[in-house]
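Visitor: Handing over coords21.txt, compact mmCIF, C-alpha atoms.
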# COMPACT_ATOMS: atom_id res chain seq x y z
CA ALA A 9 0.00 0.00 0.00
CA GLN A 10 1.11 3.53 -0.67
CA SER A 11 0.29 6.90 0.80
CA VAL A 12 1.38 10.49 0.51
CA THR A 13 1.30 13.30 3.02
CA GLN A 14 1.87 16.95 2.26
CA LEU A 15 2.68 19.08 5.25
CA GLY A 16 0.88 22.39 4.99
CA SER A 17 -2.37 22.67 3.11
CA HIS A 18 -1.56 26.31 2.38
CA VAL A 19 1.82 27.93 1.95
CA SER A 20 2.36 31.65 1.37
CA VAL A 21 5.61 33.14 0.16
CA SER A 22 6.66 36.53 -1.09
CA GLU A 23 7.55 37.01 -4.72
CA GLY A 24 11.21 36.21 -5.16
CA ALA A 25 11.40 34.08 -2.03
CA LEU A 26 12.25 30.40 -1.81
CA VAL A 27 9.41 27.97 -2.35
CA LEU A 28 9.45 24.74 -0.34
CA LEU A 29 6.55 22.33 -0.55
CA ARG A 30 6.86 19.19 1.52
CA CYS A 31 5.96 15.67 0.51
CA ASN A 32 6.49 12.46 2.42
CA TYR A 33 5.52 9.10 1.11
CA SER A 34 4.99 5.56 2.27
CA SER A 35 5.52 2.68 -0.09
CA SER A 36 6.16 -1.02 0.28
CA VAL A 37 8.00 -1.09 -3.04
CA PRO A 38 10.48 1.31 -4.64
CA PRO A 39 8.35 4.29 -5.51
CA TYR A 40 7.96 6.48 -8.52
CA LEU A 41 7.23 10.01 -7.31
CA PHE A 42 5.65 12.95 -9.09
CA TRP A 43 4.76 16.56 -8.56
CA TYR A 44 1.82 18.04 -10.43
CA VAL A 45 0.51 21.57 -10.51
CA GLN A 46 -3.14 22.44 -10.99
CA TYR A 47 -4.41 25.90 -11.83
CA PRO A 48 -8.04 26.75 -11.05
CA ASN A 49 -10.53 24.83 -13.14
CA GLN A 50 -7.79 23.09 -15.07
CA GLY A 51 -6.28 19.63 -15.26
CA LEU A 52 -2.96 18.44 -13.94
CA GLN A 53 0.36 19.55 -15.35
CA LEU A 54 3.40 17.42 -14.66
CA LEU A 55 6.21 19.40 -13.02
CA LEU A 56 8.71 16.62 -12.54
CA LYS A 57 9.07 12.95 -11.73
CA TYR A 58 11.46 10.58 -10.01
CA THR A 59 11.70 7.10 -11.50
CA SER A 60 14.73 5.60 -9.74
CA ALA A 61 17.40 7.47 -11.67
CA ALA A 62 19.03 10.64 -10.32
CA THR A 63 17.80 11.60 -6.88
CA LEU A 64 17.79 15.31 -7.71
CA VAL A 65 15.19 15.91 -10.34
CA LYS A 66 14.81 19.11 -12.29
CA GLY A 67 11.45 20.00 -13.72
CA ILE A 68 9.75 22.76 -15.60
CA ASN A 69 9.43 26.39 -14.55
CA GLY A 70 12.52 26.25 -12.36
CA PHE A 71 11.21 23.63 -9.94
CA GLU A 72 13.25 20.76 -8.63
CA ALA A 73 12.83 18.00 -6.08
CA GLU A 74 15.15 15.67 -4.24
CA PHE A 75 14.34 12.07 -3.46
CA LYS A 76 15.59 11.11 0.00
CA LYS A 77 14.96 7.49 0.74
CA SER A 78 16.15 7.72 4.34
CA GLU A 79 13.62 10.44 5.02
CA THR A 80 10.93 9.04 2.66
CA SER A 81 10.64 12.54 1.30
CA PHE A 82 10.35 14.23 -2.06
CA HIS A 83 10.15 17.93 -1.30
CA LEU A 84 9.61 20.44 -4.09
CA THR A 85 11.64 23.63 -4.23
CA LYS A 86 12.07 26.69 -6.37
CA PRO A 87 14.70 29.33 -5.58
CA SER A 88 12.59 32.35 -6.45
CA ALA A 89 8.80 32.42 -6.47
CA HIS A 90 6.90 34.11 -9.24
CA MET A 91 3.34 35.32 -9.13
CA SER A 92 2.43 32.78 -11.79
CA ASP A 93 3.44 29.96 -9.44
CA ALA A 94 0.31 30.49 -7.37
CA ALA A 95 -1.64 27.24 -7.76
CA GLU A 96 -2.43 23.91 -6.13
CA TYR A 97 0.42 21.41 -6.00
CA PHE A 98 -0.02 17.68 -5.66
CA CYS A 99 2.58 15.11 -4.80
CA ALA A 100 1.83 11.60 -6.03
CA VAL A 101 3.32 8.14 -5.74
CA THR A 102 2.95 5.05 -7.84
CA ALA A 103 4.56 1.66 -7.76
CA GLY A 104 5.13 1.85 -11.49
CA GLY A 105 4.25 -1.03 -13.73
CA GLY A 106 1.00 0.59 -14.66
CA GLN A 107 -0.28 0.99 -11.16
CA ASN A 108 -2.56 3.88 -10.31
CA PHE A 109 -1.39 7.09 -8.73
CA VAL A 110 -1.97 7.86 -5.09
CA PHE A 111 -2.19 11.59 -4.57
CA GLY A 112 -1.41 13.68 -1.55
CA PRO A 113 -4.01 16.12 -0.24
CA GLY A 114 -2.41 19.03 -2.07
CA THR A 115 -0.79 22.28 -1.02
CA ARG A 116 -2.11 25.61 -2.17
CA LEU A 117 0.70 28.03 -2.88
CA SER A 118 0.03 31.73 -2.63
CA VAL A 119 2.61 34.24 -3.83
CA LEU A 120 2.43 37.66 -2.28
CA PRO A 121 3.64 40.77 -4.12
CA GLY B 29 4.53 14.14 -25.49
CA ALA B 30 1.54 11.85 -25.51
CA VAL B 31 -1.86 13.47 -25.35
CA VAL B 32 -4.99 12.36 -23.59
CA SER B 33 -8.24 14.15 -24.30
CA GLN B 34 -11.53 14.21 -22.47
CA HIS B 35 -14.92 15.13 -23.80
CA PRO B 36 -16.81 17.08 -22.79
CA SER B 37 -14.65 19.48 -20.82
CA TRP B 38 -17.67 20.51 -18.83
CA VAL B 39 -21.28 19.44 -18.59
CA ILE B 40 -24.35 20.57 -16.71
CA CYS B 41 -27.23 18.17 -16.37
CA LYS B 42 -30.46 17.75 -14.47
CA SER B 43 -30.73 15.40 -11.55
CA GLY B 44 -31.72 11.91 -12.65
CA THR B 45 -30.16 12.04 -16.08
CA SER B 46 -27.11 10.11 -17.25
CA VAL B 47 -23.89 11.65 -18.48
CA LYS B 48 -21.15 10.02 -20.53
CA ILE B 49 -17.56 11.21 -20.36
CA GLU B 50 -15.01 10.08 -22.92
CA CYS B 51 -11.28 9.63 -22.38
CA ARG B 52 -9.12 9.17 -25.48
CA SER B 53 -5.45 8.51 -25.95
CA LEU B 54 -4.69 10.44 -29.11
CA ASP B 55 -1.31 9.11 -30.20
CA PHE B 56 -0.80 5.86 -28.34
CA GLN B 57 -2.67 2.74 -27.41
CA ALA B 58 -3.70 2.39 -23.80
CA THR B 59 -4.66 -1.01 -22.47
CA THR B 60 -5.17 0.56 -19.07
CA MET B 61 -6.88 3.78 -18.16
CA PHE B 62 -7.72 5.15 -14.74
CA TRP B 63 -10.63 7.31 -13.63
CA TYR B 64 -10.21 9.78 -10.78
CA ARG B 65 -12.65 12.13 -9.07
CA GLN B 66 -11.77 15.42 -7.47
CA PHE B 67 -14.24 17.23 -5.25
CA PRO B 68 -13.80 20.98 -4.79
CA LYS B 69 -10.70 21.88 -2.86
CA GLN B 70 -9.79 18.23 -2.42
CA SER B 71 -7.29 15.84 -3.91
CA LEU B 72 -7.81 13.28 -6.64
CA MET B 73 -9.20 9.95 -5.60
CA LEU B 74 -9.03 6.85 -7.75
CA MET B 75 -12.46 5.58 -8.73
CA ALA B 76 -11.68 2.67 -11.00
CA THR B 77 -9.16 1.01 -13.27
CA SER B 78 -10.32 0.40 -16.80
CA ASN B 79 -8.77 -2.42 -18.81
CA GLU B 80 -9.40 -2.83 -22.52
CA GLY B 81 -11.67 -5.74 -23.23
CA SER B 82 -12.44 -6.61 -19.65
CA LYS B 83 -14.45 -5.38 -16.71
CA ALA B 84 -13.28 -2.39 -14.79
CA THR B 85 -11.95 -2.71 -11.27
CA TYR B 86 -13.63 -0.33 -8.84
CA GLU B 87 -12.21 1.10 -5.65
CA GLN B 88 -13.97 0.45 -2.39
CA GLY B 89 -16.96 2.69 -1.95
CA VAL B 90 -17.46 3.41 -5.66
CA GLU B 91 -20.74 2.07 -6.98
CA LYS B 92 -20.09 0.13 -10.17
CA ASP B 93 -23.74 0.30 -11.21
CA LYS B 94 -23.72 4.05 -10.91
CA PHE B 95 -20.39 4.71 -12.59
CA LEU B 96 -20.35 2.54 -15.68
CA ILE B 97 -17.00 2.16 -17.37
CA ASN B 98 -16.47 0.82 -20.85
CA HIS B 99 -13.04 0.36 -22.43
CA ALA B 100 -14.00 -1.07 -25.78
CA SER B 101 -10.94 0.00 -27.72
CA LEU B 102 -7.28 0.68 -27.09
CA THR B 103 -7.79 4.41 -27.38
CA LEU B 104 -11.12 5.03 -25.71
CA SER B 105 -12.60 4.57 -22.27
CA THR B 106 -15.94 5.99 -21.25
CA LEU B 107 -17.37 6.78 -17.84
CA THR B 108 -21.15 7.04 -17.61
CA VAL B 109 -22.62 8.58 -14.51
CA THR B 110 -26.08 7.08 -14.32
CA SER B 111 -28.99 8.82 -12.63
CA ALA B 112 -26.75 11.67 -11.61
CA HIS B 113 -27.46 13.61 -8.44
CA PRO B 114 -26.03 16.87 -7.12
CA GLU B 115 -23.57 14.98 -4.92
CA ASP B 116 -22.00 13.56 -8.09
CA SER B 117 -20.94 17.05 -9.12
CA SER B 118 -17.20 16.87 -9.34
CA PHE B 119 -14.15 17.10 -11.57
CA TYR B 120 -13.51 13.79 -13.29
CA ILE B 121 -10.01 13.13 -14.61
CA CYS B 122 -8.76 10.14 -16.55
CA SER B 123 -5.24 8.92 -17.13
CA ALA B 124 -3.94 6.52 -19.76
CA ARG B 125 -1.00 4.18 -19.55
CA ASP B 126 1.51 4.24 -22.42
CA LEU B 127 3.58 1.07 -22.70
CA ALA B 128 5.24 1.85 -26.05
CA GLY B 129 8.90 0.91 -26.31
CA PHE B 130 10.60 1.00 -22.93
CA THR B 131 8.31 3.59 -21.46
CA ASP B 132 5.63 2.93 -18.90
CA THR B 133 4.18 6.34 -18.41
CA GLN B 134 0.77 7.64 -17.55
CA TYR B 135 -0.70 10.75 -19.04
CA PHE B 136 -3.59 12.68 -17.56
CA GLY B 137 -6.50 14.14 -19.43
CA PRO B 138 -7.57 17.75 -18.88
CA GLY B 139 -10.59 16.74 -16.82
CA THR B 140 -14.35 17.05 -17.13
CA ARG B 141 -16.31 19.22 -14.76
CA LEU B 142 -19.74 17.79 -14.04
CA THR B 143 -22.42 19.91 -12.43
CA VAL B 144 -25.69 18.24 -11.56
CA LEU B 145 -28.58 20.58 -10.85
Go ahead and express the file in the form of structure tokens.
Guide:
Amino acid sequence: AQSVTQLGSHVSVSEGALVLLRCNYSSSVPPYLFWYVQYPNQGLQLLLKYTSAATLVKGINGFEAEFKKSETSFHLTKPSAHMSDAAEYFCAVTAGGGQNFVFGPGTRLSVLP
Amino acid sequence: GAVVSQHPSWVICKSGTSVKIECRSLDFQATTMFWYRQFPKQSLMLMATSNEGSKATYEQGVEKDKFLINHASLTLSTLTVTSAHPEDSSFYICSARDLAGFTDTQYFGPGTRLTVL
């Protein structure tokens, strides 16, 4: 069984500040981990994914995440927040092999001017 | 990258009517598709796994007679919400599994917003 927790349902940062969105997972098998962003009334957009290769994963829009097995974490970071980053962010885990995704509860990111 | 489409993108219907949502993989064949539901301000929850040519597998608590899934071809899965009620209003998102070559990747559709009056 797999599960995902995201600490902080709402995170606010100032424009230009560091963005850190936390994700911890539980998985009985080596996980594949993903971060998705969702803008209001839209579908999911893949930011980045970890599939057992490099532990530091770079994604789109300047985001990156680091897989830490010892901490069962996959936190998402961006050095400098932009107003356009304001959205809902979901961390997800899958066992791969065509298994379904298990999503975290999401974190809403607000960027203050 | 691979594209998954959903139709319609939004639908409003009266209580008691049935609504069909289509999920298509546009440039790859998908033997497996997944259907998720997202209530307002909540996360996505898996409803069912749709396998081409066989019966769908439903998650606990999802009524299979209410949410009919048909995966009749390798590029199309449909979700029919039968006798819809206001509590079925939600954002329905599908994903399709691409097994081409050495990849095993899932792609999400843009979602369908259902509002039941």
Visitor: Need to verify the contact set: Ala89 in chain A, 10 Å, only C-alpha atoms, exclusion of same-chain residues closer than 2 positions in sequence. Can you return it as a PyMOL selection string?
Guide: chain A and resi 21-28+70-71+85-87+91-94+117-120
Visitor: Do a neighbour search on Lys77 in chain A at 10 Å with all atoms listed in the file, toss out local chain neighbours closer than 6 positions, and write the hits as a list in words.
Guide: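 Contacts, with the query itself left out: Asn32, Tyr33, Pro38, Pro39 and Thr63 of chain A.
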Visitor: Hey, list the chain A side of the contact with chain B: 10 Å cut-off, only C-alpha atoms, answer as number ranges by chain.
Guide: A: 48-54, 96-100, 104-116
Visitor: Counting all atoms listed in the file, find residues at most 8 Å from (8.9, 8.9, 2.6) (file frame) and give them as a list in words.
Guide: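 The answer, in the requested form, is Val12, Cys31, Asn32, Tyr33, Ser34, Ser35, Lys76, Lys77, Ser78, Glu79, Thr80, Ser81 and Phe82 of chain A.
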Visitor: Would you work out the distance separating CA of Ser118 in chain B from CA of His90 in chain A, expressed in Å to one decimal?
Guide: 29.6 Å
Visitor: Could you jot down the CA of Asp116 in chain B to CA of Ser53 in chain B separation for me, Å, one decimal place?
Guide: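 CA of Ser53 in chain B lies at a distance of 24.9 Å from CA of Asp116 in chain B.
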Visitor: Grab the CA of Gln34 in chain B to CA of Val101 in chain A distance for me, in Å with one decimal place.
Guide: 23.2 Å
Visitor: Could you pull out every residue with an atom within 7 Å of (-21.2, 19.7, -9.6), file coordinates, counting all atoms listed in the file, and send them as a list of chain:residue names?
Guide: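 Those residues lying close to the given coordinates are B:Pro114, B:Asp116, B:Ser117, B:Ser118, B:Leu142, B:Thr143, B:Val144.
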Visitor: Hey, which of B:Ser33, B:Ser105, B:Thr110, B:Ser46 ends up closest to Ser78 in chain B? Count all atoms listed in the file.
Guide: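 Comparing B:Ser33, B:Ser105, B:Thr110, B:Ser46 against Ser78 in chain B, the winner is B:Ser105.
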Visitor: Could you check which of B:Glu80, B:Trp38, B:Gly89, B:Gly44 is closest to Thr106 in chain B, using all atoms listed in the file?
Guide: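 Of the candidates, the smallest distance to Thr106 in chain B is held by B:Glu80.
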Visitor: Can you give me all heavy atoms for range 39-50 of chain B, written as a PDB file, in the frame of the given file?
Guide:
ATOM      1  N   VAL B  39     -19.897  19.797 -18.294  1.00  0.00           N
ATOM      2  CA  VAL B  39     -21.280  19.440 -18.590  1.00  0.00           C
ATOM      3  C   VAL B  39     -22.156  19.771 -17.404  1.00  0.00           C
ATOM      4  O   VAL B  39     -21.763  19.571 -16.252  1.00  0.00           O
ATOM      5  CB  VAL B  39     -21.390  17.936 -18.971  1.00  0.00           C
ATOM      6  CG1 VAL B  39     -20.840  17.042 -17.868  1.00  0.00           C
ATOM      7  CG2 VAL B  39     -22.809  17.549 -19.321  1.00  0.00           C
ATOM      8  N   ILE B  40     -23.334  20.288 -17.720  1.00  0.00           N
ATOM      9  CA  ILE B  40     -24.350  20.570 -16.710  1.00  0.00           C
ATOM     10  C   ILE B  40     -25.561  19.725 -17.056  1.00  0.00           C
ATOM     11  O   ILE B  40     -25.999  19.712 -18.209  1.00  0.00           O
ATOM     12  CB  ILE B  40     -24.724  22.062 -16.690  1.00  0.00           C
ATOM     13  CG1 ILE B  40     -23.478  22.917 -16.395  1.00  0.00           C
ATOM     14  CG2 ILE B  40     -25.809  22.326 -15.654  1.00  0.00           C
ATOM     15  CD1 ILE B  40     -23.727  24.413 -16.513  1.00  0.00           C
ATOM     16  N   CYS B  41     -26.074  19.017 -16.094  1.00  0.00           N
ATOM     17  CA  CYS B  41     -27.230  18.170 -16.370  1.00  0.00           C
ATOM     18  C   CYS B  41     -28.220  18.245 -15.219  1.00  0.00           C
ATOM     19  O   CYS B  41     -27.892  18.708 -14.121  1.00  0.00           O
ATOM     20  CB  CYS B  41     -26.800  16.724 -16.601  1.00  0.00           C
ATOM     21  SG  CYS B  41     -26.200  15.883 -15.125  1.00  0.00           S
ATOM     22  N   LYS B  42     -29.416  17.785 -15.495  1.00  0.00           N
ATOM     23  CA  LYS B  42     -30.460  17.750 -14.470  1.00  0.00           C
ATOM     24  C   LYS B  42     -30.332  16.474 -13.648  1.00  0.00           C
ATOM     25  O   LYS B  42     -29.868  15.428 -14.140  1.00  0.00           O
ATOM     26  CB  LYS B  42     -31.838  17.817 -15.116  1.00  0.00           C
ATOM     27  CG  LYS B  42     -32.154  19.144 -15.786  1.00  0.00           C
ATOM     28  CD  LYS B  42     -33.581  19.132 -16.344  1.00  0.00           C
ATOM     29  CE  LYS B  42     -33.924  20.462 -16.980  1.00  0.00           C
ATOM     30  NZ  LYS B  42     -35.324  20.466 -17.533  1.00  0.00           N
ATOM     31  N   SER B  43     -30.755  16.552 -12.437  1.00  0.00           N
ATOM     32  CA  SER B  43     -30.730  15.400 -11.550  1.00  0.00           C
ATOM     33  C   SER B  43     -31.563  14.265 -12.155  1.00  0.00           C
ATOM     34  O   SER B  43     -32.655  14.487 -12.667  1.00  0.00           O
ATOM     35  CB  SER B  43     -31.287  15.796 -10.183  1.00  0.00           C
ATOM     36  OG  SER B  43     -31.211  14.725  -9.282  1.00  0.00           O
ATOM     37  N   GLY B  44     -31.018  13.072 -12.117  1.00  0.00           N
ATOM     38  CA  GLY B  44     -31.720  11.910 -12.650  1.00  0.00           C
ATOM     39  C   GLY B  44     -31.308  11.503 -14.040  1.00  0.00           C
ATOM     40  O   GLY B  44     -31.641  10.402 -14.493  1.00  0.00           O
ATOM     41  N   THR B  45     -30.611  12.373 -14.722  1.00  0.00           N
ATOM     42  CA  THR B  45     -30.160  12.040 -16.080  1.00  0.00           C
ATOM     43  C   THR B  45     -28.795  11.359 -16.020  1.00  0.00           C
ATOM     44  O   THR B  45     -28.121  11.346 -14.987  1.00  0.00           O
ATOM     45  CB  THR B  45     -30.060  13.291 -16.951  1.00  0.00           C
ATOM     46  OG1 THR B  45     -29.108  14.204 -16.369  1.00  0.00           O
ATOM     47  CG2 THR B  45     -31.407  13.981 -17.046  1.00  0.00           C
ATOM     48  N   SER B  46     -28.401  10.784 -17.145  1.00  0.00           N
ATOM     49  CA  SER B  46     -27.110  10.110 -17.250  1.00  0.00           C
ATOM     50  C   SER B  46     -26.159  10.931 -18.114  1.00  0.00           C
ATOM     51  O   SER B  46     -26.579  11.586 -19.064  1.00  0.00           O
ATOM     52  CB  SER B  46     -27.286   8.714 -17.846  1.00  0.00           C
ATOM     53  OG  SER B  46     -28.031   7.891 -16.979  1.00  0.00           O
ATOM     54  N   VAL B  47     -24.911  10.877 -17.765  1.00  0.00           N
ATOM     55  CA  VAL B  47     -23.890  11.650 -18.480  1.00  0.00           C
ATOM     56  C   VAL B  47     -22.726  10.737 -18.836  1.00  0.00           C
ATOM     57  O   VAL B  47     -22.245   9.978 -17.993  1.00  0.00           O
ATOM     58  CB  VAL B  47     -23.368  12.806 -17.595  1.00  0.00           C
ATOM     59  CG1 VAL B  47     -22.208  13.520 -18.274  1.00  0.00           C
ATOM     60  CG2 VAL B  47     -24.485  13.775 -17.284  1.00  0.00           C
ATOM     61  N   LYS B  48     -22.288  10.827 -20.077  1.00  0.00           N
ATOM     62  CA  LYS B  48     -21.150  10.020 -20.530  1.00  0.00           C
ATOM     63  C   LYS B  48     -19.943  10.907 -20.745  1.00  0.00           C
ATOM     64  O   LYS B  48     -20.033  11.942 -21.417  1.00  0.00           O
ATOM     65  CB  LYS B  48     -21.475   9.285 -21.825  1.00  0.00           C
ATOM     66  CG  LYS B  48     -20.300   8.433 -22.353  1.00  0.00           C
ATOM     67  CD  LYS B  48     -20.606   7.787 -23.685  1.00  0.00           C
ATOM     68  CE  LYS B  48     -21.561   6.657 -23.565  1.00  0.00           C
ATOM     69  NZ  LYS B  48     -21.708   5.906 -24.846  1.00  0.00           N
ATOM     70  N   ILE B  49     -18.821  10.489 -20.197  1.00  0.00           N
ATOM     71  CA  ILE B  49     -17.560  11.210 -20.360  1.00  0.00           C
ATOM     72  C   ILE B  49     -16.583  10.301 -21.103  1.00  0.00           C
ATOM     73  O   ILE B  49     -16.423   9.136 -20.749  1.00  0.00           O
ATOM     74  CB  ILE B  49     -16.964  11.591 -18.986  1.00  0.00           C
ATOM     75  CG1 ILE B  49     -17.954  12.441 -18.193  1.00  0.00           C
ATOM     76  CG2 ILE B  49     -15.645  12.333 -19.163  1.00  0.00           C
ATOM     77  CD1 ILE B  49     -17.548  12.662 -16.742  1.00  0.00           C
ATOM     78  N   GLU B  50     -15.949  10.855 -22.120  1.00  0.00           N
ATOM     79  CA  GLU B  50     -15.010  10.080 -22.920  1.00  0.00           C
ATOM     80  C   GLU B  50     -13.564  10.442 -22.573  1.00  0.00           C
ATOM     81  O   GLU B  50     -13.251  11.605 -22.354  1.00  0.00           O
ATOM     82  CB  GLU B  50     -15.226  10.343 -24.410  1.00  0.00           C
ATOM     83  CG  GLU B  50     -16.549   9.852 -24.945  1.00  0.00           C
ATOM     84  CD  GLU B  50     -16.675  10.065 -26.437  1.00  0.00           C
ATOM     85  OE1 GLU B  50     -15.843  10.799 -27.018  1.00  0.00           O
ATOM     86  OE2 GLU B  50     -17.615   9.495 -27.031  1.00  0.00           O
TER      87      GLU B  50
END
